$ cat upload_22.cif   # mmCIF, C-alpha atoms
data_entry
#
loop_
_atom_site.label_atom_id
_atom_site.label_comp_id
_atom_site.auth_asym_id
_atom_site.auth_seq_id
_atom_site.Cartn_x
_atom_site.Cartn_y
_atom_site.Cartn_z
CA MET A 1 -75.99 144.82 -33.08
CA ARG A 2 -79.30 146.64 -33.28
CA ALA A 3 -81.07 148.61 -35.99
CA ALA A 4 -84.45 150.34 -35.84
CA ASP A 5 -84.51 152.87 -38.67
CA GLY A 6 -82.78 155.47 -36.50
CA PHE A 7 -85.34 155.54 -33.67
CA THR A 8 -83.41 155.88 -30.37
CA GLY A 9 -79.67 155.50 -29.91
CA ARG A 10 -79.83 152.23 -28.02
CA ALA A 11 -81.90 150.54 -30.72
CA ASN A 12 -79.44 151.65 -33.43
CA SER A 13 -76.05 150.79 -32.02
CA THR A 14 -73.68 147.94 -31.29
CA LEU A 15 -73.55 147.09 -27.59
CA THR A 16 -69.94 146.49 -26.52
CA CYS A 17 -70.44 144.50 -23.34
CA GLY A 18 -68.05 141.59 -23.84
CA ASP A 19 -65.16 140.13 -25.79
CA PRO A 20 -66.09 140.23 -29.51
CA GLY A 21 -63.80 137.24 -30.19
CA VAL A 22 -61.80 139.21 -32.76
CA PRO A 23 -59.48 142.24 -32.53
CA VAL A 24 -61.39 145.41 -31.67
CA PRO A 25 -60.64 147.17 -35.01
CA GLU A 26 -62.07 144.15 -36.84
CA ALA A 27 -65.18 144.19 -34.65
CA LEU A 28 -65.63 147.91 -35.35
CA ALA A 29 -65.35 147.28 -39.07
CA VAL A 30 -68.21 144.79 -38.76
CA THR A 31 -70.17 147.43 -36.86
CA GLU A 32 -69.68 149.87 -39.73
CA ARG A 33 -70.71 147.28 -42.30
CA PHE A 34 -73.84 146.39 -40.32
CA ALA A 35 -74.76 150.08 -40.09
CA ARG A 36 -74.34 150.62 -43.83
CA GLU A 37 -76.47 147.57 -44.60
CA HIS A 38 -79.28 148.92 -42.39
CA GLY A 39 -79.03 152.58 -43.35
CA ILE A 40 -78.08 153.85 -39.90
CA LYS A 41 -75.16 155.74 -38.41
CA PRO A 42 -72.34 153.41 -37.27
CA THR A 43 -72.36 153.67 -33.48
CA ALA A 44 -70.84 151.76 -30.58
CA HIS A 45 -72.63 151.78 -27.22
CA VAL A 46 -69.72 151.75 -24.73
CA VAL A 47 -69.77 151.49 -20.93
CA MET A 48 -67.49 154.17 -19.53
CA GLY A 49 -64.39 152.70 -17.91
CA SER A 50 -64.92 149.31 -19.52
CA GLN A 51 -61.93 147.31 -20.71
CA PHE A 52 -62.72 147.99 -24.37
CA GLU A 53 -63.25 151.75 -24.20
CA GLN A 54 -59.57 152.58 -24.61
CA ALA A 55 -59.21 150.04 -27.42
CA ILE A 56 -62.09 151.71 -29.26
CA ALA A 57 -60.43 155.10 -28.81
CA ASP A 58 -57.11 153.66 -30.02
CA ALA A 59 -58.91 152.46 -33.15
CA GLY A 60 -59.64 156.10 -33.99
CA TRP A 61 -63.29 156.24 -32.95
CA GLN A 62 -64.55 159.31 -31.10
CA VAL A 63 -67.29 160.11 -28.59
CA ASP A 64 -70.40 161.21 -30.48
CA LEU A 65 -70.69 164.74 -29.13
CA ASP A 66 -73.48 165.46 -31.63
CA HIS A 67 -75.75 162.69 -30.37
CA PRO A 68 -79.28 164.15 -29.96
CA GLY A 69 -79.68 162.70 -26.47
CA GLY A 70 -76.28 163.90 -25.27
CA ALA A 71 -72.83 162.35 -25.31
CA GLU A 72 -73.09 160.65 -21.91
CA SER A 73 -75.88 158.83 -20.06
CA LEU A 74 -76.39 157.33 -16.63
CA VAL A 75 -77.95 153.95 -15.98
CA MET A 76 -79.81 154.12 -12.68
CA THR A 77 -81.47 151.37 -10.66
CA GLY A 78 -83.72 151.23 -7.62
CA PRO A 79 -86.18 149.01 -5.70
CA LEU A 80 -89.75 149.23 -6.98
CA GLU A 81 -91.30 148.73 -3.56
CA LYS A 82 -89.79 152.00 -2.39
CA PHE A 83 -91.89 154.17 -4.69
CA ALA A 84 -94.74 151.94 -5.92
CA ASP A 85 -98.09 153.70 -5.47
CA GLY A 86 -101.12 152.25 -7.22
CA VAL A 87 -101.10 150.17 -10.41
CA ALA A 88 -100.87 151.65 -13.89
CA GLU A 89 -103.28 150.69 -16.66
CA ASN A 90 -101.81 149.61 -19.98
CA ARG A 91 -103.79 151.79 -22.39
CA ASP A 92 -102.98 152.20 -26.07
CA LEU A 93 -104.11 155.81 -26.38
CA PRO A 94 -103.28 157.94 -29.42
CA GLY A 95 -102.20 160.72 -27.09
CA TRP A 96 -99.66 158.42 -25.47
CA TRP A 97 -97.86 157.84 -28.75
CA GLU A 98 -97.89 161.51 -29.65
CA LEU A 99 -96.35 162.53 -26.31
CA ALA A 100 -93.86 159.69 -25.87
CA ALA A 101 -92.81 159.03 -29.47
CA GLY A 102 -93.57 162.25 -31.34
CA SER A 103 -96.32 163.42 -33.64
CA GLU A 104 -95.28 161.20 -36.56
CA VAL A 105 -95.75 157.69 -35.19
CA ARG A 106 -94.28 155.03 -37.47
CA ALA A 107 -94.27 151.25 -37.44
CA VAL A 108 -90.75 151.23 -35.99
CA HIS A 109 -91.96 153.26 -33.00
CA ARG A 110 -94.67 150.71 -32.30
CA HIS A 111 -92.18 147.86 -32.65
CA VAL A 112 -89.50 149.33 -30.37
CA LEU A 113 -91.95 150.57 -27.74
CA GLY A 114 -94.50 147.79 -28.00
CA THR A 115 -92.46 144.58 -28.00
CA GLY A 116 -92.39 142.37 -24.90
CA ASN A 117 -94.26 142.51 -21.61
CA VAL A 118 -94.96 146.22 -21.94
CA CYS A 119 -97.08 148.78 -20.13
CA ARG A 120 -97.80 152.11 -21.82
CA ALA A 121 -99.04 154.09 -18.85
CA SER A 122 -100.50 157.57 -18.91
CA LEU A 123 -102.34 160.26 -17.00
CA ASP A 124 -105.02 162.26 -18.76
CA GLU A 125 -107.06 165.38 -18.19
CA ASN A 126 -110.39 165.86 -19.95
CA GLY A 127 -109.47 163.12 -22.39
CA THR A 128 -106.02 164.53 -23.23
CA VAL A 129 -102.91 162.59 -22.23
CA ILE A 130 -100.76 164.89 -20.11
CA ALA A 131 -98.09 162.43 -18.95
CA ALA A 132 -96.76 159.20 -20.42
CA VAL A 133 -94.22 156.49 -19.64
CA ARG A 134 -93.27 153.06 -20.96
CA GLY A 135 -92.23 150.09 -18.84
CA CYS A 136 -91.14 146.62 -19.93
CA VAL A 137 -90.57 143.71 -17.55
CA VAL A 138 -87.73 141.31 -18.34
CA GLU A 139 -87.22 138.69 -15.61
CA ASP A 140 -87.11 140.69 -12.36
CA LEU A 141 -86.29 144.06 -13.96
CA LEU A 142 -88.69 146.82 -14.94
CA HIS A 143 -87.05 148.80 -17.75
CA VAL A 144 -88.42 152.36 -17.74
CA ALA A 145 -88.31 154.70 -20.74
CA ARG A 146 -90.03 157.57 -22.55
CA LEU A 147 -91.19 159.41 -19.43
CA ALA A 148 -92.74 162.66 -20.62
CA VAL A 149 -95.02 165.35 -19.19
CA ARG A 150 -96.57 168.10 -21.26
CA PRO A 151 -94.87 171.47 -20.58
CA SER A 152 -98.18 172.96 -19.47
CA HIS A 153 -98.47 170.35 -16.68
CA ARG A 154 -94.93 170.13 -15.34
CA ARG A 155 -93.95 170.75 -11.71
CA GLN A 156 -97.21 169.24 -10.47
CA GLY A 157 -95.84 165.88 -9.32
CA LEU A 158 -97.25 164.02 -12.31
CA ALA A 159 -93.98 162.25 -13.17
CA THR A 160 -93.67 160.96 -9.60
CA ARG A 161 -97.29 159.82 -9.61
CA LEU A 162 -96.95 158.05 -12.95
CA MET A 163 -93.70 156.35 -11.95
CA GLY A 164 -95.38 155.12 -8.77
CA GLN A 165 -98.20 153.55 -10.77
CA LEU A 166 -95.77 151.97 -13.23
CA ALA A 167 -93.77 150.54 -10.32
CA GLY A 168 -96.98 148.98 -8.98
CA TRP A 169 -97.62 147.37 -12.36
CA GLY A 170 -94.05 146.09 -12.42
CA LEU A 171 -94.41 144.46 -9.02
CA GLU A 172 -97.56 142.69 -10.23
CA GLN A 173 -95.54 141.33 -13.17
CA GLY A 174 -92.86 139.91 -10.88
CA ALA A 175 -90.27 142.66 -11.12
CA THR A 176 -88.41 143.89 -8.05
CA THR A 177 -86.02 146.49 -9.47
CA CYS A 178 -86.33 149.31 -11.97
CA VAL A 179 -83.62 150.25 -14.42
CA LEU A 180 -83.63 153.42 -16.49
CA GLN A 181 -81.30 155.53 -18.56
CA VAL A 182 -81.02 159.30 -18.43
CA ALA A 183 -78.72 161.84 -20.11
CA SER A 184 -76.11 163.21 -17.73
CA HIS A 185 -77.14 166.79 -18.54
CA ASN A 186 -80.77 166.16 -17.53
CA GLU A 187 -80.31 167.19 -13.92
CA ALA A 188 -84.03 167.57 -13.20
CA ALA A 189 -84.74 163.97 -14.24
CA ILE A 190 -81.76 162.67 -12.27
CA ARG A 191 -83.05 164.44 -9.14
CA LEU A 192 -86.50 162.92 -9.68
CA TYR A 193 -85.09 159.40 -9.94
CA GLU A 194 -82.87 159.94 -6.91
CA GLU A 195 -85.92 161.03 -4.92
CA LEU A 196 -87.57 157.73 -5.93
CA GLY A 197 -84.61 155.83 -4.48
CA CYS A 198 -82.62 155.17 -7.65
CA THR A 199 -78.83 155.34 -7.70
CA GLU A 200 -76.27 155.39 -10.47
CA HIS A 201 -75.15 151.94 -11.61
CA HIS A 202 -72.82 152.97 -14.46
CA ARG A 203 -72.47 155.42 -17.34
CA TYR A 204 -72.10 154.91 -21.06
CA ARG A 205 -71.29 156.92 -24.16
CA TYR A 206 -71.83 156.48 -27.89
CA TRP A 207 -68.73 156.27 -30.05
CA VAL A 208 -68.58 156.79 -33.82
CA PRO A 209 -65.91 156.64 -36.54
CA PRO A 210 -64.19 160.00 -37.13
CA ALA A 211 -65.83 160.32 -40.56
CA VAL A 212 -69.31 160.60 -38.97
CA SER A 213 -68.45 162.43 -35.72
#

$ encode --input "upload_22.cif" --output "structure tokens"
Amino acid sequence: MRAADGFTGRANSTLTCGDPGVPVPEALAVTERFAREHGIKPTAHVVMGSQFEQAIADAGWQVDLDHPGGAESLVMTGPLEKFADGVAENRDLPGWWELAAGSEVRAVHRHVLGTGNVCRASLDENGTVIAAVRGCVVEDLLHVARLAVRPSHRRQGLATRLMGQLAGWGLEQGATTCVLQVASHNEAAIRLYEELGCTEHHRYRYWVPPAVS
């Protein structure tokens, strides 16, 4: 169970990746109680096709079609060595936070995006950050998130360049494989990651009680 004051779906949901040790309706009731205690929306992060997805549906929960990031996401993985190109610098620039996390940067943003062996990589032009990405190495995996390019600088290959530099940083940290998550409707991003050598590992959806759907 995870709570982060509403910042990102993954950091504010219950991950259903194994047997909860109690009947599913009871586990979902605990999820709702946890959410109320932390002031967040009760949400279950459910791998599509998993053994518990049908049980969650049978308990009356529904896919969160109103989720800001979309109802369905892909988890994609790929070898870093295939697209590594250079080594990113970990720079804590104000422009990075504004582009990757939004104009109102709060303590929770810094906690979620700054915890662990993290690299906040960026590309800048005349002192202005024009592309940003976050990577975090856990064992041999480089977890990639918050890739963003300013609208005025898109379609110039900056995302590919920045991902290549982040991959180089990940290799230096001992990672061999990248893992990232992307909304199923974001076809442009999916094509980018496929061009880098990433493939779909699985998909997941967020489920919520009918009262908050």

$ resolve_selection --input "upload_22.cif" --expression "the PyMOL selection byres ((chain A and resi 90-105) around 10)" --output "PyMOL selection string"
chain A and resi 7-8+87-89+106-110+113-114+118-124+127-135+145-150+166+169

$ write_last_selection --input "upload_22.cif" --atoms "C-alpha atoms" --output "short mmCIF file (atom, residue, chain, number, x, y, z; two decimals), in the coordinates of the input"
data_model
loop_
_atom_site.label_atom_id
_atom_site.label_comp_id
_atom_site.auth_asym_id
_atom_site.auth_seq_id
_atom_site.Cartn_x
_atom_site.Cartn_y
_atom_site.Cartn_z
CA PHE A 7 -85.34 155.54 -33.67
CA THR A 8 -83.41 155.88 -30.37
CA VAL A 87 -101.10 150.17 -10.41
CA ALA A 88 -100.87 151.65 -13.89
CA GLU A 89 -103.28 150.69 -16.66
CA ARG A 106 -94.28 155.03 -37.47
CA ALA A 107 -94.27 151.25 -37.44
CA VAL A 108 -90.75 151.23 -35.99
CA HIS A 109 -91.96 153.26 -33.00
CA ARG A 110 -94.67 150.71 -32.30
CA LEU A 113 -91.95 150.57 -27.74
CA GLY A 114 -94.50 147.79 -28.00
CA VAL A 118 -94.96 146.22 -21.94
CA CYS A 119 -97.08 148.78 -20.13
CA ARG A 120 -97.80 152.11 -21.82
CA ALA A 121 -99.04 154.09 -18.85
CA SER A 122 -100.50 157.57 -18.91
CA LEU A 123 -102.34 160.26 -17.00
CA ASP A 124 -105.02 162.26 -18.76
CA GLY A 127 -109.47 163.12 -22.39
CA THR A 128 -106.02 164.53 -23.23
CA VAL A 129 -102.91 162.59 -22.23
CA ILE A 130 -100.76 164.89 -20.11
CA ALA A 131 -98.09 162.43 -18.95
CA ALA A 132 -96.76 159.20 -20.42
CA VAL A 133 -94.22 156.49 -19.64
CA ARG A 134 -93.27 153.06 -20.96
CA GLY A 135 -92.23 150.09 -18.84
CA ALA A 145 -88.31 154.70 -20.74
CA ARG A 146 -90.03 157.57 -22.55
CA LEU A 147 -91.19 159.41 -19.43
CA ALA A 148 -92.74 162.66 -20.62
CA VAL A 149 -95.02 165.35 -19.19
CA ARG A 150 -96.57 168.10 -21.26
CA LEU A 166 -95.77 151.97 -13.23
CA TRP A 169 -97.62 147.37 -12.36
#

$ resolve_selection --input "upload_22.cif" --expression "the PyMOL selection byres ((chain A and resi 168) around 9)" --output "ChimeraX atom specification"
/A:80-81,83-88,163-167,169-173

$ closest_residue --input "upload_22.cif" --among "A:Arg36, A:His153, A:Lys82, A:His143" --to "Gly197 in chain A" --atoms "all atoms listed in the file"
A:Lys82

$ resolve_selection --input "upload_22.cif" --expression "the PyMOL selection byres ((chain A and resi 53-61) around 6)" --output "ChimeraX atom specification"
/A:25,50-52,62,208-210

$ write_last_selection --input "upload_22.cif" --atoms "C-alpha atoms" --output "mmCIF file, in the coordinates of the input"
data_model
loop_
_atom_site.group_PDB
_atom_site.id
_atom_site.type_symbol
_atom_site.label_atom_id
_atom_site.label_comp_id
_atom_site.auth_asym_id
_atom_site.auth_seq_id
_atom_site.Cartn_x
_atom_site.Cartn_y
_atom_site.Cartn_z
ATOM 1 C CA PRO A 25 -60.640 147.170 -35.010
ATOM 2 C CA SER A 50 -64.920 149.310 -19.520
ATOM 3 C CA GLN A 51 -61.930 147.310 -20.710
ATOM 4 C CA PHE A 52 -62.720 147.990 -24.370
ATOM 5 C CA GLN A 62 -64.550 159.310 -31.100
ATOM 6 C CA VAL A 208 -68.580 156.790 -33.820
ATOM 7 C CA PRO A 209 -65.910 156.640 -36.540
ATOM 8 C CA PRO A 210 -64.190 160.000 -37.130
#

$ closest_residue --input "upload_22.cif" --among "A:Glu139, A:Ala189, A:Gln181, A:Asn12" --to "Arg154 in chain A" --atoms "only C-alpha atoms"
A:Ala189

$ atom_distance --input "upload_22.cif" --atom1 "CA of Ala175 in chain A" --atom2 "CA of Cys198 in chain A"
15.1 Å

$ atom_distance --input "upload_22.cif" --atom1 "CA of Asp64 in chain A" --atom2 "CA of His38 in chain A"
19.3 Å

$ residues_around --input "upload_22.cif" --residues "Met1 in chain A" --least-positions-apart "2" --cutoff "12 Å" --atoms "all atoms listed in the file" --output "ChimeraX atom specification"
/A:3-4,9-17,20,27-28,30-35,37-38,40,42-45

$ atom_distance --input "upload_22.cif" --atom1 "CA of Leu196 in chain A" --atom2 "CA of Met76 in chain A"
10.9 Å

$ closest_residue --input "upload_22.cif" --among "A:Ala188, A:Val179, A:Val137, A:Val75" --to "Glu200 in chain A" --atoms "all atoms listed in the file"
A:Val75

$ closest_residue --input "upload_22.cif" --among "A:Asn126, A:Gly21, A:Glu72, A:Cys178" --to "Met48 in chain A" --atoms "all atoms listed in the file"
A:Glu72

$ closest_residue --input "upload_22.cif" --among "A:Gly49, A:Gln156, A:Ser73, A:Gly39" --to "Tyr204 in chain A" --atoms "all atoms listed in the file"
A:Ser73

$ closest_residue --input "upload_22.cif" --among "A:His111, A:Val63, A:Val47, A:Gly78" --to "Asp5 in chain A" --atoms "only C-alpha atoms"
A:His111

$ build_atoms --input "upload_22.cif" --residues "range 173-184 of chain A" --atoms "all heavy atoms" --output "short mmCIF file (atom, residue, chain, number, x, y, z; two decimals), in the coordinates of the input"
data_model
loop_
_atom_site.label_atom_id
_atom_site.label_comp_id
_atom_site.auth_asym_id
_atom_site.auth_seq_id
_atom_site.Cartn_x
_atom_site.Cartn_y
_atom_site.Cartn_z
N GLN A 173 -96.10 142.17 -12.11
CA GLN A 173 -95.54 141.33 -13.17
C GLN A 173 -94.33 140.53 -12.70
O GLN A 173 -93.70 139.82 -13.48
CB GLN A 173 -95.14 142.20 -14.37
CG GLN A 173 -96.25 143.04 -14.93
CD GLN A 173 -97.43 142.22 -15.39
OE1 GLN A 173 -97.27 141.26 -16.15
NE2 GLN A 173 -98.63 142.58 -14.95
N GLY A 174 -93.97 140.67 -11.42
CA GLY A 174 -92.86 139.91 -10.88
C GLY A 174 -91.54 140.63 -10.82
O GLY A 174 -90.51 140.04 -10.45
N ALA A 175 -91.51 141.89 -11.19
CA ALA A 175 -90.27 142.66 -11.12
C ALA A 175 -90.02 143.14 -9.70
O ALA A 175 -90.96 143.32 -8.92
CB ALA A 175 -90.33 143.84 -12.07
N THR A 176 -88.77 143.37 -9.37
CA THR A 176 -88.41 143.89 -8.05
C THR A 176 -87.59 145.18 -8.15
O THR A 176 -87.55 145.96 -7.21
CB THR A 176 -87.58 142.87 -7.26
OG1 THR A 176 -86.37 142.57 -7.99
CG2 THR A 176 -88.36 141.58 -7.06
N THR A 177 -86.97 145.39 -9.30
CA THR A 177 -86.02 146.49 -9.47
C THR A 177 -86.30 147.22 -10.77
O THR A 177 -86.62 146.61 -11.78
CB THR A 177 -84.58 145.96 -9.51
OG1 THR A 177 -84.33 145.19 -8.32
CG2 THR A 177 -83.57 147.09 -9.58
N CYS A 178 -86.20 148.55 -10.73
CA CYS A 178 -86.33 149.31 -11.97
C CYS A 178 -84.95 149.66 -12.48
O CYS A 178 -83.99 149.78 -11.71
CB CYS A 178 -87.16 150.58 -11.76
SG CYS A 178 -86.27 151.95 -11.02
N VAL A 179 -84.84 149.79 -13.78
CA VAL A 179 -83.62 150.25 -14.42
C VAL A 179 -84.01 151.26 -15.48
O VAL A 179 -84.99 151.06 -16.20
CB VAL A 179 -82.80 149.08 -15.01
CG1 VAL A 179 -83.63 148.30 -16.02
CG2 VAL A 179 -81.52 149.59 -15.66
N LEU A 180 -83.30 152.36 -15.54
CA LEU A 180 -83.63 153.42 -16.49
C LEU A 180 -82.35 154.11 -16.92
O LEU A 180 -81.30 153.99 -16.27
CB LEU A 180 -84.61 154.41 -15.87
CG LEU A 180 -84.23 155.03 -14.54
CD1 LEU A 180 -83.43 156.31 -14.71
CD2 LEU A 180 -85.47 155.28 -13.68
N GLN A 181 -82.45 154.84 -18.01
CA GLN A 181 -81.30 155.53 -18.56
C GLN A 181 -81.65 156.99 -18.77
O GLN A 181 -82.73 157.31 -19.27
CB GLN A 181 -80.89 154.87 -19.87
CG GLN A 181 -80.63 153.37 -19.68
CD GLN A 181 -80.23 152.65 -20.94
OE1 GLN A 181 -79.26 153.00 -21.58
NE2 GLN A 181 -80.99 151.61 -21.29
N VAL A 182 -80.74 157.87 -18.38
CA VAL A 182 -81.02 159.30 -18.43
C VAL A 182 -79.74 160.04 -18.82
O VAL A 182 -78.65 159.70 -18.36
CB VAL A 182 -81.56 159.79 -17.07
CG1 VAL A 182 -80.61 159.47 -15.94
CG2 VAL A 182 -81.86 161.29 -17.11
N ALA A 183 -79.87 161.04 -19.67
CA ALA A 183 -78.72 161.84 -20.11
C ALA A 183 -78.11 162.56 -18.91
O ALA A 183 -78.83 163.06 -18.03
CB ALA A 183 -79.14 162.83 -21.17
N SER A 184 -76.79 162.62 -18.88
CA SER A 184 -76.11 163.21 -17.73
C SER A 184 -76.42 164.70 -17.56
O SER A 184 -76.28 165.24 -16.46
CB SER A 184 -74.59 163.00 -17.85
OG SER A 184 -74.10 163.62 -19.03
#
